[in-house]
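Structure first, then comments.
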Amino acid sequence: MPFAEGDDGAIHYTQAGENPEAPAVVLLGELGFGAWGWSWQYGALAGPCRVVVIDTRGAGRSDAPDGPYAMADLVGDLEAVFADCNIRTAHLVGCGLGGAVALAAARRTNRAESLTLIGTPPSGEAFDPEPLSADPTDEAALRASTMSLLSSEFCAREDAPIEQIIEWRREEDATPATRAAQLAALDGFDPEPLYELTLPVRVVAGGADPVVDPEVSRRLAEELPNGEFTSYPEASHLVTIERSAALNDFLLGFIESVDDR
């Protein structure tokens, strides 16, 4: 069970595909979520890519040091995983808070080859944590939260994934106190000036996202020199689950296009 030693605790990660010639992809999760949030991407990407999924400090098997956490702490945890995996650069894929960490890492380090930002806020003010904020010990709250992050159409036809997600969230998600410590990393978050981020970026949004307004995501893409916007109008925040097949094809195509430059 691999752990990287951060400045104030151990960061758990999972990896698959250790071919040094394959492109490295690091998946950075949403506020409070354990690594389960990437279950629909991990296997699909692990064949052609070397994939690393990080448990954000305070969630999953990672340590939960006393908060509040700063964005520099989360970027430092990412750096620790890079070092432990002996990866120099990678394609960073982040959802929500994880997308903000990817943006910050691209600004502060030379580790990112590309960014894919899914339901990602360009600032703390653009992020509504309430739909994510269920106590993992409260079954009813977990169910309500999970269903609010998925479209009503998906929930009506896909009962089994919802039950699995609730089970994973019960086991892996951060406690309310630790989630608040993670959320503090978005206080004052600002990746400006965006014009300096010249690497390839894809910004992805669900058209019914209650956490980050999709129009905010569109404007983020427009302000990035090499940003492009993709929307799944019928999806909610968890595009990674609702449109997993289409998103996985999109990610693989984007990564391949960057590596072929």
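Chains: A, B, ... in order of the structure tokens. Residues: from 1 per chain. Ligands: from 1, in order shown.
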
Distance query A:Ser39 at most 12 Å, only C-alpha atoms, self and fewer than 2 positions along chain excluded, as a PyMOL selection string:
chain A and resi 14+27+29+33-37+41-46+51-53+161+164-165+168+238+240-241+244+248

Skipping near chain neighbours, those fewer than 2 positions away, what residues fall within 9 Å of A:Asp66 using only C-alpha atoms, listed as a ChimeraX atom specification?
/A:64,68-69,178,181

Residues of stretch 109-196 of chain A in strand (DSSP E), written as an MDAnalysis selection string
chainID A and resid 112:118

Proximity of stretch 106-199 of chain A to stretch 91-95 of chain A: per-residue shortest pair, 9 Å limit, only C-alpha atoms, as JSON lines:
```
{"residue": "A:Ala106", "atom": "CA", "partner": "A:Leu92", "partner_atom": "CA", "distance": 8.9}
{"residue": "A:Arg111", "atom": "CA", "partner": "A:His91", "partner_atom": "CA", "distance": 8.5}
{"residue": "A:Ala112", "atom": "CA", "partner": "A:His91", "partner_atom": "CA", "distance": 5.8}
{"residue": "A:Glu113", "atom": "CA", "partner": "A:His91", "partner_atom": "CA", "distance": 5.1}
{"residue": "A:Ser114", "atom": "CA", "partner": "A:His91", "partner_atom": "CA", "distance": 4.8}
{"residue": "A:Leu115", "atom": "CA", "partner": "A:Leu92", "partner_atom": "CA", "distance": 5.0}
{"residue": "A:Thr116", "atom": "CA", "partner": "A:Val93", "partner_atom": "CA", "distance": 4.7}
{"residue": "A:Leu117", "atom": "CA", "partner": "A:Gly94", "partner_atom": "CA", "distance": 5.3}
{"residue": "A:Ile118", "atom": "CA", "partner": "A:Cys95", "partner_atom": "CA", "distance": 4.6}
{"residue": "A:Gly119", "atom": "CA", "partner": "A:Cys95", "partner_atom": "CA", "distance": 5.8}
{"residue": "A:Thr120", "atom": "CA", "partner": "A:Cys95", "partner_atom": "CA", "distance": 6.0}
```

Counting only C-alpha atoms, which residue out of A:Ala10, A:Ile162, A:Ala184, A:Cys49 sits closest to A:Ala22?
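Comparing A:Ala10, A:Ile162, A:Ala184, A:Cys49 against A:Ala22, the winner is A:Cys49.
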
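Nearest to A:Val25 of all the residues A:Pro48, A:Gly58, A:Gly67, A:Gly99 is A:Pro48, based on only C-alpha atoms.
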
Helix (DSSP H, G or I) per DSSP on the backbone: members of stretch 161-211 of chain A, as a PyMOL selection string:
chain A and resi 161-172+176-186+194-196

Can you tell me how far atom CA of A:Pro23 sits from atom CA of A:Ser257, in Å to one decimal?
11.4 Å

What's the 9 Å shell around A:Met71, counting only C-alpha atoms, without same-chain residues fewer than 5 positions away, as a ChimeraX atom specification?
/A:76,100-101,104,182,184-187,189

Find the residue from A:Leu194, A:Val212, A:Ala205, A:Leu247 that sits nearest to A:Asn226; use only C-alpha atoms when measuring.
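Smallest separation from A:Asn226 among the options: A:Leu194.
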
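Using only C-alpha atoms for every distance, the candidate list A:Tyr195, A:Phe229, A:Phe82, A:Phe154 yields A:Phe82 as the residue closest to A:Ile11.
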
Counting only C-alpha atoms, what is within 9 Å of A:Ala134, bar same-chain residues fewer than 4 positions away, as a list in words?
Glu130, Asp138, Glu139, Ala140, Ala141, Leu142, Arg143, Ala144, Ser145, Thr146, Thr175 and Pro176 of chain A

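Minimum atom-to-atom distances from A:Asp260, A:Asp213, A:Met147, A:Ala59 to A:Glu125 were compared using only C-alpha atoms, and the lowest value belongs to A:Asp213.
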
From the list A:Glu196, A:Asp135, A:Glu21, A:Asp209, which residue is nearest A:Arg170 when using only C-alpha atoms?
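Result for the nearest residue to A:Arg170: A:Asp135.
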
Provide the atom CA of A:Gly60 to atom CA of A:Glu30 distance in Å, to one decimal place.
12.0 Å

Have a look at atom CA of A:Leu97 and atom CA of A:Glu256 and let me know their distance in Å, one decimal.
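The value is 25.1 Å.
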
Within 9 Å of A:Ser148, counting only C-alpha atoms, which residues show up once you throw out same-chain ones fewer than 3 positions away? Write them as a ChimeraX atom specification, please.
/A:131-132,143-145,151-152,210,236-237

Let me see the file: selected residues, N, CA, C and O atoms, as a PDB file, in the first residue's frame.
```pdb
ATOM      1  N   PRO A 131     -23.543  21.084  -1.656  1.00  0.00           N
ATOM      2  CA  PRO A 131     -23.988  19.768  -2.155  1.00  0.00           C
ATOM      3  C   PRO A 131     -23.027  18.628  -1.822  1.00  0.00           C
ATOM      4  O   PRO A 131     -23.419  17.459  -1.850  1.00  0.00           O
ATOM      5  N   LEU A 132     -21.782  18.951  -1.499  1.00  0.00           N
ATOM      6  CA  LEU A 132     -20.774  17.941  -1.192  1.00  0.00           C
ATOM      7  C   LEU A 132     -20.687  17.620   0.295  1.00  0.00           C
ATOM      8  O   LEU A 132     -19.985  16.685   0.688  1.00  0.00           O
ATOM      9  N   ARG A 143     -27.031   9.966   0.937  1.00  0.00           N
ATOM     10  CA  ARG A 143     -27.897   9.689  -0.209  1.00  0.00           C
ATOM     11  C   ARG A 143     -28.371  10.986  -0.863  1.00  0.00           C
ATOM     12  O   ARG A 143     -28.326  11.136  -2.090  1.00  0.00           O
ATOM     13  N   ALA A 144     -28.815  11.933  -0.040  1.00  0.00           N
ATOM     14  CA  ALA A 144     -29.293  13.201  -0.591  1.00  0.00           C
ATOM     15  C   ALA A 144     -28.176  13.942  -1.308  1.00  0.00           C
ATOM     16  O   ALA A 144     -28.379  14.496  -2.399  1.00  0.00           O
ATOM     17  N   SER A 145     -26.994  13.953  -0.711  1.00  0.00           N
ATOM     18  CA  SER A 145     -25.850  14.619  -1.329  1.00  0.00           C
ATOM     19  C   SER A 145     -25.498  13.969  -2.656  1.00  0.00           C
ATOM     20  O   SER A 145     -25.312  14.647  -3.679  1.00  0.00           O
ATOM     21  N   SER A 151     -27.624  13.884 -12.160  1.00  0.00           N
ATOM     22  CA  SER A 151     -28.874  14.353 -12.748  1.00  0.00           C
ATOM     23  C   SER A 151     -30.033  13.444 -12.332  1.00  0.00           C
ATOM     24  O   SER A 151     -29.844  12.254 -12.027  1.00  0.00           O
ATOM     25  N   SER A 152     -31.224  13.987 -12.341  1.00  0.00           N
ATOM     26  CA  SER A 152     -32.399  13.200 -11.969  1.00  0.00           C
ATOM     27  C   SER A 152     -32.613  12.052 -12.952  1.00  0.00           C
ATOM     28  O   SER A 152     -33.063  10.963 -12.554  1.00  0.00           O
ATOM     29  N   PRO A 210     -24.441  21.906  -9.635  1.00  0.00           N
ATOM     30  CA  PRO A 210     -24.812  22.794  -8.534  1.00  0.00           C
ATOM     31  C   PRO A 210     -23.620  23.308  -7.733  1.00  0.00           C
ATOM     32  O   PRO A 210     -23.791  24.148  -6.851  1.00  0.00           O
ATOM     33  N   SER A 236     -24.848  16.460 -14.225  1.00  0.00           N
ATOM     34  CA  SER A 236     -24.677  17.308 -13.054  1.00  0.00           C
ATOM     35  C   SER A 236     -23.174  17.413 -12.739  1.00  0.00           C
ATOM     36  O   SER A 236     -22.344  17.367 -13.641  1.00  0.00           O
ATOM     37  N   HIS A 237     -22.815  17.525 -11.474  1.00  0.00           N
ATOM     38  CA  HIS A 237     -21.411  17.751 -11.116  1.00  0.00           C
ATOM     39  C   HIS A 237     -20.535  16.540 -11.420  1.00  0.00           C
ATOM     40  O   HIS A 237     -19.391  16.690 -11.856  1.00  0.00           O
TER      41      HIS A 237
END
```
